[in-house]
Structures are given as structure tokens and as C-alpha cells.
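Q: After the C-alpha cells below, expect a handful of questions from me.
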Amino acid sequence: CIGRWCELGSSWITVHENMRQELGMPSDVLYMYSTALHWSLTQFTPAAMEVSATNGLERLFSVFVVLTGLIVFSFFLGSINQALSQLRSRSAQETHQNMLVRRYISDKQISIDLAADLLAFVRQRGLGRARSKVVFGDMKALDGLPRALLVNLQLEVGLPILNSHALLKHLAVLGNHELRRLCEKALKEARRIYG
């Protein structure tokens, strides 16, 4: 029964070749390849096509392709939905924080000049976060950095800053150890957004 069901005596290829021969058109590989590509694209879109399954094996393959397309499209749609939801949540949190600042200003009867400065800071902080330089504290992935790597990173980031100062440039003559200690203990990156 299964052998008869999967019999490949007739397939979409032979049906299509016979149809083209009846119309007096030659059957070439490029045409057959483009027809197969067209069929595969119609399985993922609402487009129609004259090629259809002519035996059980082709029908099973068609069902498999349609289900695979449905699953892939669902994952794709779900990831877009999740990204939009996160964006909406972040926007709602910022809006809520801005509302709290405005309510605080109103409840405490803050002067107009100070209120304008506070609101400008909040607005600029939101813009500044996207445009400001990245500092070490922003990178949570480097929280557990080994001390030797951390010191080397601080030295590489700090040396150009120290060398830009005339007095500290002469400290380099004393040796690398003092510069290393200065970079490690005295320099700290900070983001400046307002002011």
C-alpha cells in the first residue's frame, strides 16, 4: 500500500514537461529551475501557481514546506512583536519618570527657572544617553574582568590623557610603575551629559 502511494510514475516535472511539449515549447533546465523556485516562493506567500502535487510524496513534501514556512514566519513575527513590546515598555518607563519629575516640581512648588533647568536636564539626559561616549561603567559584560586585564585596560585608556598634561608627561621618565598606579587609582571615567 505504501509503495503504491509513493509511486513516482507521475510527478509535477513530467506533467509540466508534457504540457510544454503539447504547446510546442522546449523543456529546458532554466525554466524548470525557475518554476521550482517560483513554487517554493508561493508556499510562503499568498500567491498562486499552476504547479501542484501529483503524487503522495509530492503532497507530503508540499505540506511539510507549508508547515515549515508557517513556523518560520511565526518566529519572525514573534521576534518583531517582542522588539516592539520592549521599545514600548522603555518608552513608557521614560514617560512615567518624566511625569514624576513634573509632579515633584509641581508639588514642591519649585521656581520656574530651576524647574526649567531640571526639565532640560531630564530631556538632555535622554538624548545624551544615546549620543554620549561609552564609558567603562556602561559595559556590564566587563564586570568580572581579571585585575591584570583591568589594569592593562586602564593604562591603555589613561596614558593618552596623562601624556596630554605637561607635568604628568615627565612622570613617564620615572617609570611605567608610577603611571600604572596613577591610571589605576586616580583616573575614573565619567559621562558628562548636562552642564
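Ordered as shown in the C-alpha cells, chains take letters A, B, and onward, while each chain numbers its residues from 1 and ligands are numbered from 1 in the order shown.
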Val151 in chain A: which residues within 12 Å, counting only C-alpha atoms, same-chain residues fewer than 4 positions away excluded, as JSON, numbers by chain?
A: {"A": [145, 146, 147, 155, 156, 157, 158, 159, 177, 179, 180, 181, 182, 183, 184, 185, 187]}
Q: Mind writing the picked residues with C-alpha atoms as a PDB file, in the first residue's frame?
A:
ATOM      1  CA  LEU A 145      37.315  41.370  34.356  1.00  0.00           C
ATOM      2  CA  PRO A 146      40.513  39.911  35.912  1.00  0.00           C
ATOM      3  CA  ARG A 147      42.638  42.519  37.709  1.00  0.00           C
ATOM      4  CA  LEU A 155      46.725  52.018  31.453  1.00  0.00           C
ATOM      5  CA  GLU A 156      45.948  51.996  27.733  1.00  0.00           C
ATOM      6  CA  VAL A 157      42.966  54.312  28.153  1.00  0.00           C
ATOM      7  CA  GLY A 158      44.663  56.566  30.713  1.00  0.00           C
ATOM      8  CA  LEU A 159      48.137  57.066  29.166  1.00  0.00           C
ATOM      9  CA  HIS A 177      55.045  51.552  37.515  1.00  0.00           C
ATOM     10  CA  LEU A 179      51.972  55.660  35.588  1.00  0.00           C
ATOM     11  CA  ARG A 180      50.269  52.317  36.046  1.00  0.00           C
ATOM     12  CA  ARG A 181      49.383  53.173  39.669  1.00  0.00           C
ATOM     13  CA  LEU A 182      48.150  56.620  38.648  1.00  0.00           C
ATOM     14  CA  CYS A 183      45.930  55.184  35.899  1.00  0.00           C
ATOM     15  CA  GLU A 184      44.590  52.549  38.268  1.00  0.00           C
ATOM     16  CA  LYS A 185      43.944  54.702  41.350  1.00  0.00           C
ATOM     17  CA  LEU A 187      41.657  58.118  36.811  1.00  0.00           C
TER      18      LEU A 187
END
Q: Which residues are close to Gln97 in chain A, i.e. within 12 Å by only C-alpha atoms, leaving aside same-chain residues fewer than 5 positions away? Reply as a list in words.
A: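 Residues meeting the cut-off are Arg90, Ser91, Ala92, Arg102, Arg103, Tyr104, Leu119, Val122, Arg123 and Gly126 of chain A.
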Q: Residues as selected, all heavy atoms, written as an mmCIF file, in the first residue's frame, can you do that?
A:
data_model
loop_
_atom_site.group_PDB
_atom_site.id
_atom_site.type_symbol
_atom_site.label_atom_id
_atom_site.label_comp_id
_atom_site.auth_asym_id
_atom_site.auth_seq_id
_atom_site.Cartn_x
_atom_site.Cartn_y
_atom_site.Cartn_z
ATOM 1 N N ARG A 90 10.073 50.539 27.325
ATOM 2 C CA ARG A 90 11.115 51.522 27.638
ATOM 3 C C ARG A 90 10.574 52.941 27.518
ATOM 4 O O ARG A 90 10.839 53.797 28.356
ATOM 5 C CB ARG A 90 12.303 51.309 26.700
ATOM 6 C CG ARG A 90 13.545 52.024 27.160
ATOM 7 C CD ARG A 90 14.750 51.661 26.317
ATOM 8 N NE ARG A 90 14.995 50.215 26.380
ATOM 9 C CZ ARG A 90 15.467 49.499 25.380
ATOM 10 N NH1 ARG A 90 15.746 50.071 24.237
ATOM 11 N NH2 ARG A 90 15.683 48.216 25.506
ATOM 12 N N SER A 91 9.796 53.182 26.491
ATOM 13 C CA SER A 91 9.203 54.496 26.291
ATOM 14 C C SER A 91 8.227 54.829 27.423
ATOM 15 O O SER A 91 8.182 55.954 27.912
ATOM 16 C CB SER A 91 8.493 54.539 24.939
ATOM 17 O OG SER A 91 7.851 55.770 24.753
ATOM 18 N N ALA A 92 7.455 53.837 27.852
ATOM 19 C CA ALA A 92 6.503 54.058 28.947
ATOM 20 C C ALA A 92 7.236 54.364 30.246
ATOM 21 O O ALA A 92 6.796 55.223 31.030
ATOM 22 C CB ALA A 92 5.610 52.832 29.120
ATOM 23 N N ARG A 102 7.861 66.067 36.830
ATOM 24 C CA ARG A 102 6.944 67.208 36.701
ATOM 25 C C ARG A 102 6.028 67.308 37.931
ATOM 26 O O ARG A 102 5.760 68.404 38.423
ATOM 27 C CB ARG A 102 6.108 67.079 35.434
ATOM 28 C CG ARG A 102 6.902 67.311 34.186
ATOM 29 C CD ARG A 102 6.055 67.070 32.930
ATOM 30 N NE ARG A 102 6.861 67.126 31.747
ATOM 31 C CZ ARG A 102 7.185 68.242 31.103
ATOM 32 N NH1 ARG A 102 6.743 69.391 31.542
ATOM 33 N NH2 ARG A 102 7.937 68.195 30.026
ATOM 34 N N ARG A 103 5.563 66.163 38.423
ATOM 35 C CA ARG A 103 4.695 66.181 39.598
ATOM 36 C C ARG A 103 5.462 66.662 40.829
ATOM 37 O O ARG A 103 4.944 67.426 41.646
ATOM 38 C CB ARG A 103 4.119 64.795 39.828
ATOM 39 C CG ARG A 103 2.873 64.841 40.701
ATOM 40 C CD ARG A 103 2.137 63.543 40.665
ATOM 41 N NE ARG A 103 2.577 62.764 41.827
ATOM 42 C CZ ARG A 103 2.457 61.464 41.932
ATOM 43 N NH1 ARG A 103 1.942 60.764 40.963
ATOM 44 N NH2 ARG A 103 2.869 60.847 43.021
ATOM 45 N N TYR A 104 6.709 66.229 40.960
ATOM 46 C CA TYR A 104 7.543 66.662 42.081
ATOM 47 C C TYR A 104 7.745 68.179 42.032
ATOM 48 O O TYR A 104 7.636 68.862 43.051
ATOM 49 C CB TYR A 104 8.888 65.935 42.030
ATOM 50 C CG TYR A 104 9.813 66.299 43.162
ATOM 51 C CD1 TYR A 104 9.670 65.698 44.405
ATOM 52 C CD2 TYR A 104 10.822 67.241 42.992
ATOM 53 C CE1 TYR A 104 10.505 66.026 45.450
ATOM 54 C CE2 TYR A 104 11.658 67.581 44.034
ATOM 55 C CZ TYR A 104 11.502 66.975 45.263
ATOM 56 O OH TYR A 104 12.326 67.310 46.296
ATOM 57 N N LEU A 119 13.993 70.152 34.023
ATOM 58 C CA LEU A 119 13.363 69.514 32.861
ATOM 59 C C LEU A 119 14.327 69.452 31.676
ATOM 60 O O LEU A 119 14.332 68.477 30.924
ATOM 61 C CB LEU A 119 12.079 70.242 32.480
ATOM 62 C CG LEU A 119 10.946 70.103 33.508
ATOM 63 C CD1 LEU A 119 9.771 70.992 33.129
ATOM 64 C CD2 LEU A 119 10.517 68.661 33.645
ATOM 65 N N VAL A 122 16.616 66.513 32.363
ATOM 66 C CA VAL A 122 15.949 65.233 32.101
ATOM 67 C C VAL A 122 15.853 64.986 30.601
ATOM 68 O O VAL A 122 16.131 63.891 30.113
ATOM 69 C CB VAL A 122 14.553 65.208 32.767
ATOM 70 C CG1 VAL A 122 13.746 64.006 32.300
ATOM 71 C CG2 VAL A 122 14.690 65.206 34.273
ATOM 72 N N ARG A 123 15.490 66.006 29.849
ATOM 73 C CA ARG A 123 15.358 65.871 28.395
ATOM 74 C C ARG A 123 16.725 65.601 27.757
ATOM 75 O O ARG A 123 16.868 64.729 26.919
ATOM 76 C CB ARG A 123 14.730 67.149 27.816
ATOM 77 C CG ARG A 123 14.356 67.063 26.383
ATOM 78 C CD ARG A 123 13.561 68.278 25.896
ATOM 79 N NE ARG A 123 13.877 69.552 26.505
ATOM 80 C CZ ARG A 123 13.134 70.156 27.455
ATOM 81 N NH1 ARG A 123 12.047 69.579 27.907
ATOM 82 N NH2 ARG A 123 13.493 71.309 27.954
ATOM 83 N N GLY A 126 18.091 62.066 28.382
ATOM 84 C CA GLY A 126 17.511 61.080 27.479
ATOM 85 C C GLY A 126 18.178 61.104 26.123
ATOM 86 O O GLY A 126 18.486 60.076 25.529
#
Q: Report, in Å with one decimal, the straight-line distance from CA of Ser79 in chain A to CA of Val63 in chain A.
A: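 CA of Val63 in chain A lies 24.5 Å from CA of Ser79 in chain A.
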Q: For Leu118 in chain A, work out the shell of residues within 12 Å, counting only C-alpha atoms and skipping chain neighbours fewer than 3 positions away, then give it as a list in words.
A: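 In the requested format, the answer is Asn98, Val101, Arg102, Tyr104, Ile105, Ile110, Ser111, Ile112, Asp113, Leu114, Ala115, Phe121, Val122, Arg123, Gln124, Arg125, Tyr194 and Gly195 of chain A.
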Q: Counting only C-alpha atoms, which residue out of A:Ser40, A:Ser85, A:Leu168, A:Gly78 sits closest to Phe64 in chain A?
A: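 The answer is A:Ser40, which sits nearest to Phe64 in chain A.
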Q: Can you pull out the residues contacting range 13-28 of chain A? Cut-off 10 Å, using only C-alpha atoms, and skip same-chain residues under 4 positions away; I want them as a ChimeraX atom specification.
A: /A:8-9,32-33,35-36,50-54
Q: By how many Å are CA of Leu41 in chain A and CA of Thr68 in chain A apart?
A: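 Value for the CA of Leu41 in chain A-CA of Thr68 in chain A distance: 12.6 Å.
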Q: If you run DSSP on this backbone, which residues of range 151-188 of chain A come out as helix (DSSP H, G or I), and could you give them as a ChimeraX atom specification?
A: /A:151-163,166-174,176-185
Q: Now that the selection is made, can you save its residues with C-alpha atoms as a PDB file, in the first residue's frame?
A:
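Dumped to part08.pdb:
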ATOM      1  CA  VAL A 151      44.950  47.384  34.932  1.00  0.00           C
ATOM      2  CA  ASN A 152      46.185  46.999  31.327  1.00  0.00           C
ATOM      3  CA  LEU A 153      42.919  48.461  30.025  1.00  0.00           C
ATOM      4  CA  GLN A 154      43.108  51.398  32.445  1.00  0.00           C
ATOM      5  CA  LEU A 155      46.725  52.018  31.453  1.00  0.00           C
ATOM      6  CA  GLU A 156      45.948  51.996  27.733  1.00  0.00           C
ATOM      7  CA  VAL A 157      42.966  54.312  28.153  1.00  0.00           C
ATOM      8  CA  GLY A 158      44.663  56.566  30.713  1.00  0.00           C
ATOM      9  CA  LEU A 159      48.137  57.066  29.166  1.00  0.00           C
ATOM     10  CA  PRO A 160      46.991  59.404  26.370  1.00  0.00           C
ATOM     11  CA  ILE A 161      45.140  61.500  28.945  1.00  0.00           C
ATOM     12  CA  LEU A 162      48.142  61.686  31.281  1.00  0.00           C
ATOM     13  CA  ASN A 163      50.554  62.425  28.419  1.00  0.00           C
ATOM     14  CA  ALA A 166      52.855  68.645  30.753  1.00  0.00           C
ATOM     15  CA  LEU A 167      53.680  67.794  34.382  1.00  0.00           C
ATOM     16  CA  LEU A 168      52.409  64.237  34.157  1.00  0.00           C
ATOM     17  CA  LYS A 169      54.256  63.717  30.888  1.00  0.00           C
ATOM     18  CA  HIS A 170      57.524  63.997  32.793  1.00  0.00           C
ATOM     19  CA  LEU A 171      56.311  61.325  35.201  1.00  0.00           C
ATOM     20  CA  ALA A 172      56.790  58.828  32.397  1.00  0.00           C
ATOM     21  CA  VAL A 173      60.531  59.329  32.832  1.00  0.00           C
ATOM     22  CA  LEU A 174      60.288  57.903  36.362  1.00  0.00           C
ATOM     23  CA  ASN A 176      55.911  52.693  33.980  1.00  0.00           C
ATOM     24  CA  HIS A 177      55.045  51.552  37.515  1.00  0.00           C
ATOM     25  CA  GLU A 178      54.051  55.034  38.714  1.00  0.00           C
ATOM     26  CA  LEU A 179      51.972  55.660  35.588  1.00  0.00           C
ATOM     27  CA  ARG A 180      50.269  52.317  36.046  1.00  0.00           C
ATOM     28  CA  ARG A 181      49.383  53.173  39.669  1.00  0.00           C
ATOM     29  CA  LEU A 182      48.150  56.620  38.648  1.00  0.00           C
ATOM     30  CA  CYS A 183      45.930  55.184  35.899  1.00  0.00           C
ATOM     31  CA  GLU A 184      44.590  52.549  38.268  1.00  0.00           C
ATOM     32  CA  LYS A 185      43.944  54.702  41.350  1.00  0.00           C
TER      33      LYS A 185
END
Q: State, in Å with one decimal place, the distance from CA of Val65 in chain A to CA of Ala83 in chain A.
A: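 CA of Val65 in chain A sits 27.1 Å away from CA of Ala83 in chain A.
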Q: Restricting the calculation to only C-alpha atoms, which member of A:Phe76, A:Trp12, A:Tyr31, A:Phe44 is positioned closest to Arg59 in chain A?
A: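 Closest residue, counting only C-alpha atoms: A:Trp12.
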